[in-house]
Every structure is written in C-alpha cells, then in structure tokens.
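Undergrad: Supplied in structure tokens, the structure appears directly below.
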Amino acid sequence: MPALKTYVGFISHAWKYHDEYARLEIMLKNSPNFIFHNSSVPRTDAIPPPLTNLKLQNALAEQIRITNVVLILSGMHAAHSDWVNEEIAIAARYQKPIIGVIPWGQQNTPRVVQLAAKEMVRWNTDSIVTAIRKYAL
C-alpha cells in the first residue's frame, strides 16, 4: 500500500468555542486512512504574552502559510469575528483553499465564510475528509 499523504490544515476557531475545535480535531485525527496535522494554536498552547494584534496576525500568517487547506468552523460567531476575516484574508494572500465546516445542528452560516469557501460541508467526518482531499494543495 502506498504511503498516505499528510494533510496540514489550519482550523480557524474562537477559544470561546474550543469544544467544537477539539471535536473537529479529534474527528480528523481518528479518520481511517487519513493523516491530518493541525497547524493552528489551541487554547492549551497559547502564543506567549504580550499578545499584540500584530503578533497575532504574524502568528496566524505563519500557521496558514504552511498549510494545504484552511478549515473554518462556521458557527454564527464567525460572522462577528474580525479574526475570521483576517484569517480569510491571509488564506487568500497565500492562495490556500478554504472549507467551511457547519457545526452540528447549525442552520445558518456566515455569508463571509460562504463566499470565501470552496465548499461548505456538514459536521460529518466523511464529508470533511472528502473536501480536504478534493481541495488541499
């Protein structure tokens, strides 16, 4: 059997919604015949203080630059997040494909994510993995 490709992805998230982020990361890591490395910084390994907007922008840019794909958790909180807009802009600058992931039970998704995403997928491991395989660089 040939070696599996390792996909490097950035998972956009708000630390206030850390549980969704953690569940998505576990779903991807436990998916059979799929290797996923998350380049984003979780709440448990925060960027050291002092945290300025410029320091965070630079850290996000580096985390996104090294990826094959950007996943945006598309709960409605993303519609009101300046940082999601910044992550979308960084992904565009580096020409990284964006996949919008609709959280479990969510009906509405932010327009900003819909417009930026190559595809919007439901909270289902197979759908997410298929989209990553389809769009990742």
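In the structure tokens, the first chain shown is A, the next is B, and so on; residue numbers restart at 1 for each chain, and ligands run from 1 in the order shown.
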Show which residues sit within 12 Å of Ala3 in chain A, as an mmCIF file with N, CA and C atoms, in the first residue's frame. Count only C-alpha atoms, and ignore same-chain residues fewer than 3 positions away.
TA:
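Once everything was written out, this is result.cif:
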data_model
loop_
_atom_site.group_PDB
_atom_site.id
_atom_site.type_symbol
_atom_site.label_atom_id
_atom_site.label_comp_id
_atom_site.auth_asym_id
_atom_site.auth_seq_id
_atom_site.Cartn_x
_atom_site.Cartn_y
_atom_site.Cartn_z
ATOM 1 N N THR A 6 0.138 13.317 4.073
ATOM 2 C CA THR A 6 -0.154 14.037 5.304
ATOM 3 C C THR A 6 -0.711 15.401 4.916
ATOM 4 N N ASN A 33 -7.258 5.878 7.387
ATOM 5 C CA ASN A 33 -6.532 6.121 6.135
ATOM 6 C C ASN A 33 -6.431 7.606 5.793
ATOM 7 N N PHE A 34 -6.245 8.411 6.812
ATOM 8 C CA PHE A 34 -6.173 9.863 6.640
ATOM 9 C C PHE A 34 -5.244 10.415 7.714
ATOM 10 N N ILE A 35 -4.241 11.174 7.277
ATOM 11 C CA ILE A 35 -3.294 11.762 8.231
ATOM 12 C C ILE A 35 -3.447 13.276 8.170
#
Undergrad: Determine which residues of range 27-93 of chain A receive a DSSP assignment of strand (DSSP E), computed from the backbone, and state them as an MDAnalysis selection string.
TA: chainID A and resid 35:38 69:73
Undergrad: What would the file look like if the residues just selected were written as an mmCIF file, in the first residue's frame with N, CA and C atoms?
TA:
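Saved result, again.cif, follows:
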data_model
loop_
_atom_site.group_PDB
_atom_site.id
_atom_site.type_symbol
_atom_site.label_atom_id
_atom_site.label_comp_id
_atom_site.auth_asym_id
_atom_site.auth_seq_id
_atom_site.Cartn_x
_atom_site.Cartn_y
_atom_site.Cartn_z
ATOM 1 N N ILE A 35 -4.241 11.174 7.277
ATOM 2 C CA ILE A 35 -3.294 11.762 8.231
ATOM 3 C C ILE A 35 -3.447 13.276 8.170
ATOM 4 N N PHE A 36 -3.792 13.869 9.317
ATOM 5 C CA PHE A 36 -4.034 15.300 9.403
ATOM 6 C C PHE A 36 -3.175 15.900 10.503
ATOM 7 N N HIS A 37 -2.462 16.961 10.162
ATOM 8 C CA HIS A 37 -1.690 17.720 11.141
ATOM 9 C C HIS A 37 -2.305 19.106 11.237
ATOM 10 N N ASN A 38 -2.657 19.521 12.434
ATOM 11 C CA ASN A 38 -3.283 20.814 12.672
ATOM 12 C C ASN A 38 -2.206 21.854 12.963
ATOM 13 N N VAL A 69 -4.658 23.500 3.462
ATOM 14 C CA VAL A 69 -6.080 23.852 3.480
ATOM 15 C C VAL A 69 -6.408 24.591 4.784
ATOM 16 N N VAL A 70 -7.436 25.439 4.713
ATOM 17 C CA VAL A 70 -7.923 26.159 5.893
ATOM 18 C C VAL A 70 -9.363 25.718 6.143
ATOM 19 N N LEU A 71 -9.637 25.290 7.375
ATOM 20 C CA LEU A 71 -10.985 24.894 7.774
ATOM 21 C C LEU A 71 -11.540 25.987 8.685
ATOM 22 N N ILE A 72 -12.732 26.473 8.357
ATOM 23 C CA ILE A 72 -13.346 27.499 9.197
ATOM 24 C C ILE A 72 -14.615 26.930 9.813
ATOM 25 N N LEU A 73 -14.626 26.850 11.139
ATOM 26 C CA LEU A 73 -15.828 26.452 11.859
ATOM 27 C C LEU A 73 -16.845 27.570 11.664
#
Undergrad: Quick one: of A:Ser74, A:Ser31, A:Thr52, A:Thr130, who's nearest to Gln114 in chain A, counting only C-alpha atoms?
TA: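 Looking at the shortest contact to Gln114 in chain A, the residue is A:Ser74.
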Undergrad: Between CA of Ala22 in chain A and CA of Asn53 in chain A, what is the distance in Å, rounded to a tenth?
TA: 24.1 Å
Undergrad: Name the residues in contact with range 94-102 of chain A at a cut-off of 8 Å, using only C-alpha atoms, excluding same-chain residues fewer than 6 positions from it; report them as an mmCIF file with N, CA and C atoms, in the first residue's frame.
TA:
data_model
loop_
_atom_site.group_PDB
_atom_site.id
_atom_site.type_symbol
_atom_site.label_atom_id
_atom_site.label_comp_id
_atom_site.auth_asym_id
_atom_site.auth_seq_id
_atom_site.Cartn_x
_atom_site.Cartn_y
_atom_site.Cartn_z
ATOM 1 N N ILE A 64 -1.001 29.651 8.708
ATOM 2 C CA ILE A 64 -1.735 29.431 7.465
ATOM 3 C C ILE A 64 -0.792 29.202 6.290
ATOM 4 N N ARG A 65 0.341 29.889 6.280
ATOM 5 C CA ARG A 65 1.302 29.768 5.172
ATOM 6 C C ARG A 65 1.746 28.332 4.947
ATOM 7 N N THR A 67 0.140 25.547 5.421
ATOM 8 C CA THR A 67 -0.938 24.571 5.275
ATOM 9 C C THR A 67 -1.228 24.189 3.838
ATOM 10 N N ASN A 68 -2.019 23.098 3.716
ATOM 11 C CA ASN A 68 -2.602 22.682 2.439
ATOM 12 C C ASN A 68 -4.026 23.195 2.315
ATOM 13 N N VAL A 69 -4.658 23.500 3.462
ATOM 14 C CA VAL A 69 -6.080 23.852 3.480
ATOM 15 C C VAL A 69 -6.408 24.591 4.784
ATOM 16 N N VAL A 70 -7.436 25.439 4.713
ATOM 17 C CA VAL A 70 -7.923 26.159 5.893
ATOM 18 C C VAL A 70 -9.363 25.718 6.143
ATOM 19 N N LEU A 71 -9.637 25.290 7.375
ATOM 20 C CA LEU A 71 -10.985 24.894 7.774
ATOM 21 C C LEU A 71 -11.540 25.987 8.685
ATOM 22 N N ILE A 72 -12.732 26.473 8.357
ATOM 23 C CA ILE A 72 -13.346 27.499 9.197
ATOM 24 C C ILE A 72 -14.615 26.930 9.813
ATOM 25 N N LEU A 73 -14.626 26.850 11.139
ATOM 26 C CA LEU A 73 -15.828 26.452 11.859
ATOM 27 C C LEU A 73 -16.845 27.570 11.664
ATOM 28 N N SER A 74 -17.941 27.251 11.011
ATOM 29 C CA SER A 74 -18.858 28.272 10.507
ATOM 30 C C SER A 74 -20.092 28.475 11.362
ATOM 31 N N GLY A 75 -19.887 28.551 12.675
ATOM 32 C CA GLY A 75 -20.976 28.956 13.543
ATOM 33 C C GLY A 75 -21.219 30.444 13.351
ATOM 34 N N ILE A 88 -9.343 34.687 6.689
ATOM 35 C CA ILE A 88 -9.761 34.560 5.293
ATOM 36 C C ILE A 88 -8.843 35.372 4.389
ATOM 37 N N THR A 109 -25.229 29.926 8.376
ATOM 38 C CA THR A 109 -23.776 30.072 8.332
ATOM 39 C C THR A 109 -23.445 31.483 7.865
ATOM 40 N N VAL A 113 -18.062 33.475 5.245
ATOM 41 C CA VAL A 113 -17.448 32.148 5.088
ATOM 42 C C VAL A 113 -17.965 31.488 3.812
ATOM 43 N N GLN A 114 -19.260 31.594 3.565
ATOM 44 C CA GLN A 114 -19.837 31.003 2.351
ATOM 45 C C GLN A 114 -19.151 31.547 1.097
ATOM 46 N N ALA A 116 -16.126 32.838 0.838
ATOM 47 C CA ALA A 116 -14.692 32.518 0.770
ATOM 48 C C ALA A 116 -14.422 31.032 0.545
ATOM 49 N N ALA A 117 -15.362 30.188 0.936
ATOM 50 C CA ALA A 117 -15.132 28.743 0.931
ATOM 51 C C ALA A 117 -15.259 28.132 -0.455
ATOM 52 N N LYS A 118 -14.387 27.174 -0.732
ATOM 53 C CA LYS A 118 -14.534 26.337 -1.923
ATOM 54 C C LYS A 118 -15.771 25.474 -1.787
ATOM 55 N N GLU A 119 -16.039 25.055 -0.538
ATOM 56 C CA GLU A 119 -17.194 24.207 -0.266
ATOM 57 C C GLU A 119 -17.579 24.370 1.195
ATOM 58 N N MET A 120 -18.883 24.284 1.463
ATOM 59 C CA MET A 120 -19.409 24.241 2.825
ATOM 60 C C MET A 120 -19.814 22.787 3.081
ATOM 61 N N VAL A 121 -19.334 22.214 4.176
ATOM 62 C CA VAL A 121 -19.651 20.823 4.490
ATOM 63 C C VAL A 121 -20.293 20.731 5.864
ATOM 64 N N ARG A 122 -21.139 19.729 6.011
ATOM 65 C CA ARG A 122 -21.802 19.476 7.302
ATOM 66 C C ARG A 122 -20.831 18.790 8.260
ATOM 67 N N TRP A 123 -21.214 18.737 9.512
ATOM 68 C CA TRP A 123 -20.420 18.158 10.589
ATOM 69 C C TRP A 123 -20.450 16.643 10.466
ATOM 70 N N ILE A 128 -16.067 16.055 5.543
ATOM 71 C CA ILE A 128 -14.931 16.956 5.793
ATOM 72 C C ILE A 128 -13.667 16.389 5.156
ATOM 73 N N ALA A 131 -13.743 16.649 1.368
ATOM 74 C CA ALA A 131 -13.475 18.028 0.912
ATOM 75 C C ALA A 131 -11.996 18.358 1.046
ATOM 76 N N ILE A 132 -11.372 17.939 2.136
ATOM 77 C CA ILE A 132 -9.933 18.194 2.309
ATOM 78 C C ILE A 132 -9.158 17.519 1.178
ATOM 79 N N TYR A 135 -9.726 19.515 -2.180
ATOM 80 C CA TYR A 135 -9.244 20.887 -2.348
ATOM 81 C C TYR A 135 -7.840 21.175 -1.845
ATOM 82 N N ALA A 136 -7.315 20.352 -0.960
ATOM 83 C CA ALA A 136 -5.993 20.647 -0.378
ATOM 84 C C ALA A 136 -4.935 20.708 -1.458
ATOM 85 N N LEU A 137 -4.018 21.624 -1.289
ATOM 86 C CA LEU A 137 -2.924 21.804 -2.244
ATOM 87 C C LEU A 137 -1.898 20.702 -2.119
#
Undergrad: Would you mind listing what lies within 9 Å of Ser39 in chain A as a VMD selection string, with only C-alpha atoms counted and same-chain residues fewer than 4 positions away left out?
TA: chain A and resid 8 to 11 63 to 64 66 to 67
Undergrad: Considering only helix (DSSP H, G or I) as DSSP defines it on the backbone, what residues of chain A qualify? List them as a PyMOL selection string.
TA: chain A and resi 15-29+43-45+53-65+76-80+82-93+111-116+125-135
Undergrad: Which one of A:Pro48, A:Ser12, A:Val112, A:Tyr17 sits closest to Leu60 in chain A if you count only C-alpha atoms?
TA: A:Ser12
Undergrad: Please indicate the distance in Å from CA of Ala61 in chain A to CA of Thr125 in chain A, rounded to one decimal place.
TA: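 Between CA of Ala61 in chain A and CA of Thr125 in chain A the gap is 26.5 Å.
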Undergrad: Counting only C-alpha atoms, which residue out of A:Asn30, A:Gln107, A:His13, A:Trp83 sits closest to Leu54 in chain A?
TA: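 For Leu54 in chain A, the nearest of the candidates is A:Trp83.
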Undergrad: Do you have the CA of Asn124 in chain A-CA of Ala59 in chain A distance handy?
TA: 29.0 Å
